[in-house]
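Worksheet for the structure shown next.
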Protein chains: 2
Amino acid sequence: MATPAPIEFWFDFSSPYAYFASHSIAAVAAEAGRAVRWRPFMLGAAFKATGMRPLTLTPIRGDYARRDWARLARLMDLPFRLPARHPYTALAVSRAFYWIEQAMPERAPGFARAAFRAHFEDGRDLTGAAAVAELAEAAGAPSDRVAAAIESPAIKEHLRRRTDEALAKGVFGSPFFIVDGEPFWGWDRMALMRQWMDRGGW
Amino acid sequence: MATPAPIEFWFDFSSPYAYFASHSIAAVAAEAGRAVRWRPFMLGAAFKATGMRPLTLTPIRGDYARRDWARLARLMDLPFRLPARHPYTALAVSRAFYWIEQAMPERAPGFARAAFRAHFEDGRDLTGAAAVAELAEAAGAPSDRVAAAIESPAIKEHLRRRTDEALAKGVFGSPFFIVDGEPFWGWDRMALMRQWMDRGGW
């Protein structure tokens with residue numbers, strides 16, 4: 001039997017629901033005998049296409065989301081706190097991720113998890129290159145090269161292409177999973193995705 | 001022990017995800033020893049407040065929704081088909097529901113289920129009073145009185161008040177459940193709601 005394809009895990013580093021997914025996606029994939037392809041992209045570009053807005057900036061729905069995140073954190077026993085500065089534009093951290101993925105791919109998932117924790121558990125501001133480079137260093141990637149990569153035209157272009165790819169694949173939210181071509185939007189669809197993988201679709 | 005409060009099931013009759021929920025909400029409630037309070041409202045009023053739009057009119061996300069409905073129908077073995085005329089403004093059917101609820105409350109849930117089936121299984125257009133009155137007759141409510149109620153100022157006002165109540169309670173989508181004051185948005189949150197009821201919250 002051929003090795004099953006990885007789960008594509010599309011997300012914006014500024015997305016609380018992606019934070020929750022980042023804690024469980026590896027286990028979900030392992031259970032299905034699959035790898036995870038971590039795929040940060042700029043959700044703002046998708047919002048432009050759909051006319052949607054960040055949850056916390058959407059009336060009524062934003063209040064629901066805050067309540068929902070708090071109860072998911074309690075349920076999953078995670079130290080989630082919505083940072084004062086939220087949402088943020090996750091350009092630097094997304095570019096850093098793709099440089100690390102190219103240069104030392106085995107460190108990329110750890111860096112992504114660390115970025116989610118830094119923002120949503122420790123309230124760290126990851127808008128700037130310096131904060132991101134420091135985070136990369138702690139995840140085993142050289143901070144000076146990461147800082148340079150964040151400003152490099154090649155990496156900027158790489159992230160733009162990933163974001164274009166997301167839109168071309170119909171990704172409009174975060175987290176968003178694609179497995180064997182089948183799309184699943186949202187943290188709350190991970191259960192259905194498991195069922196889909198178990199049964200090989202239906 | 002006091003009888004637990006009913007599950008408030010807020011929905012728009014034109015909502016495909018509410019159609020799916022209408023098939024399972026009674027069983028979910030019964031399992032938790034609760035009744036269901038069926039609460040149609042005009043989702044368009046919530047869209048005005050949040051800036052959201054009907055799914056099928058939202059780029060990219062609309063395509064995902066169509067695919068999602070088709071696979072949910074296969075999963076649940078339901079004869080769902082998105083009608084050509086969709087979404088529709090479910091004013092007449094929502095008013096009819098509330099008249100039936102007042103006049104013969106035991107028939108109201110059956111009428112609501114029949115309305116979902118008529119639109120999403122048989123492709124019937126429920127925009128007009130005549131079609132709705134006919135549907136009511138089949139559900140055991142006198143069609144002439146239902147037709148009159150659809151145009152009555154008291155029932156129009158009643159539906160407006162229910163819609164205001166929905167917004168005041170933070171309902172912004174369909175289906176939307178409230179149990180013991182706790183809100184759950186979306187078909188895909190029914191599993192979490194079950195868990196919440198089982199554990200009495202967390």
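For the structure tokens, the naming scheme is as follows: chains receive sequential letters (A, B, ...) according to their order of presentation, residues are indexed from 1 within each chain, and ligands are indexed from 1 in presentation order.
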
**Study point:** Within 10 Å of B:Asp68 using only C-alpha atoms, minus same-chain residues under 5 positions, as a PyMOL selection string
**Key:** (chain A and resi 182-185) or (chain B and resi 17+62-63+73-74)

Restricting it to N, CA and C atoms, dump the selection as a PDB file, in the first residue's frame.
ATOM      1  N   GLU A 182      -9.709  16.662  -0.144  1.00  0.00           N
ATOM      2  CA  GLU A 182     -10.977  16.992   0.526  1.00  0.00           C
ATOM      3  C   GLU A 182     -10.754  18.110   1.551  1.00  0.00           C
ATOM      4  N   PRO A 183     -11.552  19.189   1.482  1.00  0.00           N
ATOM      5  CA  PRO A 183     -11.350  20.332   2.380  1.00  0.00           C
ATOM      6  C   PRO A 183     -12.182  20.246   3.670  1.00  0.00           C
ATOM      7  N   PHE A 184     -11.576  20.666   4.760  1.00  0.00           N
ATOM      8  CA  PHE A 184     -12.276  20.735   6.056  1.00  0.00           C
ATOM      9  C   PHE A 184     -11.933  22.060   6.706  1.00  0.00           C
ATOM     10  N   TRP A 185     -12.933  22.894   6.916  1.00  0.00           N
ATOM     11  CA  TRP A 185     -12.699  24.205   7.500  1.00  0.00           C
ATOM     12  C   TRP A 185     -13.028  24.203   8.985  1.00  0.00           C
TER      13      TRP A 185
ATOM     14  N   TYR B  17     -27.652  24.128   6.973  1.00  0.00           N
ATOM     15  CA  TYR B  17     -27.116  23.492   8.193  1.00  0.00           C
ATOM     16  C   TYR B  17     -28.213  23.303   9.242  1.00  0.00           C
ATOM     17  N   GLY B  62     -18.823  29.807  -0.367  1.00  0.00           N
ATOM     18  CA  GLY B  62     -20.057  29.243  -0.907  1.00  0.00           C
ATOM     19  C   GLY B  62     -19.812  27.895  -1.588  1.00  0.00           C
ATOM     20  N   ASP B  63     -18.706  27.813  -2.327  1.00  0.00           N
ATOM     21  CA  ASP B  63     -18.381  26.541  -2.998  1.00  0.00           C
ATOM     22  C   ASP B  63     -18.097  25.450  -1.966  1.00  0.00           C
ATOM     23  N   ALA B  73     -24.994  15.149   3.667  1.00  0.00           N
ATOM     24  CA  ALA B  73     -26.190  14.399   3.266  1.00  0.00           C
ATOM     25  C   ALA B  73     -25.835  12.926   3.039  1.00  0.00           C
ATOM     26  N   ARG B  74     -24.695  12.680   2.388  1.00  0.00           N
ATOM     27  CA  ARG B  74     -24.270  11.292   2.173  1.00  0.00           C
ATOM     28  C   ARG B  74     -23.979  10.620   3.508  1.00  0.00           C
TER      29      ARG B  74
END

Exercise for review: Can you check which residues of chain B have any atom within 8 Å of chain A? Use only C-alpha atoms and format it as a PyMOL selection string.
Suggested key: chain B and resi 49-52+58-61+64+71+74-75+170-172+183+188-189+202

Exercise for review: Mind listing the helix (DSSP H, G or I) residues of stretch 4-86 of chain A, per DSSP on the backbone, as a ChimeraX atom specification?
Suggested key: /A:16-31,43-50,55-57,61-76

Counting only C-alpha atoms, which residues of stretch 124-161 of chain A sit at most 12 Å from some atom of stretch 108-117 of chain A, and what is each one's closest atom pair with its distance in Å to one decimal, listed by chain and rising residue number, as a tab-separated table?
residue	atom	partner	partner_atom	distance
A:Arg124	CA	A:Arg117	CA	8.8
A:Asp125	CA	A:Ala115	CA	10.0
A:Leu126	CA	A:Ala115	CA	7.9
A:Thr127	CA	A:Ala115	CA	11.2
A:Ala131	CA	A:Ala115	CA	10.1
A:Val132	CA	A:Ala115	CA	8.1
A:Ala133	CA	A:Phe111	CA	10.6
A:Glu134	CA	A:Ala115	CA	10.6
A:Leu135	CA	A:Ala115	CA	7.1
A:Ala136	CA	A:Phe111	CA	6.3
A:Glu137	CA	A:Phe111	CA	9.2
A:Ala138	CA	A:Phe111	CA	8.4
A:Ala139	CA	A:Phe111	CA	5.4
A:Gly140	CA	A:Phe111	CA	8.3
A:Ala141	CA	A:Phe111	CA	8.6
A:Pro142	CA	A:Phe111	CA	12.0
A:Val146	CA	A:Phe111	CA	11.7

Review point. Near B:Asp180, within 10 Å and counting only C-alpha atoms, which residues show up once chain neighbours fewer than 6 positions away are dropped, as a PyMOL selection string?
Key: chain B and resi 4-8+196-197+200-201

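The nearest approach to A:Arg85 among the residues A:Glu106, A:Ala32, A:Ala27, A:Ser14, with only C-alpha atoms taken into account, belongs to A:Ser14.
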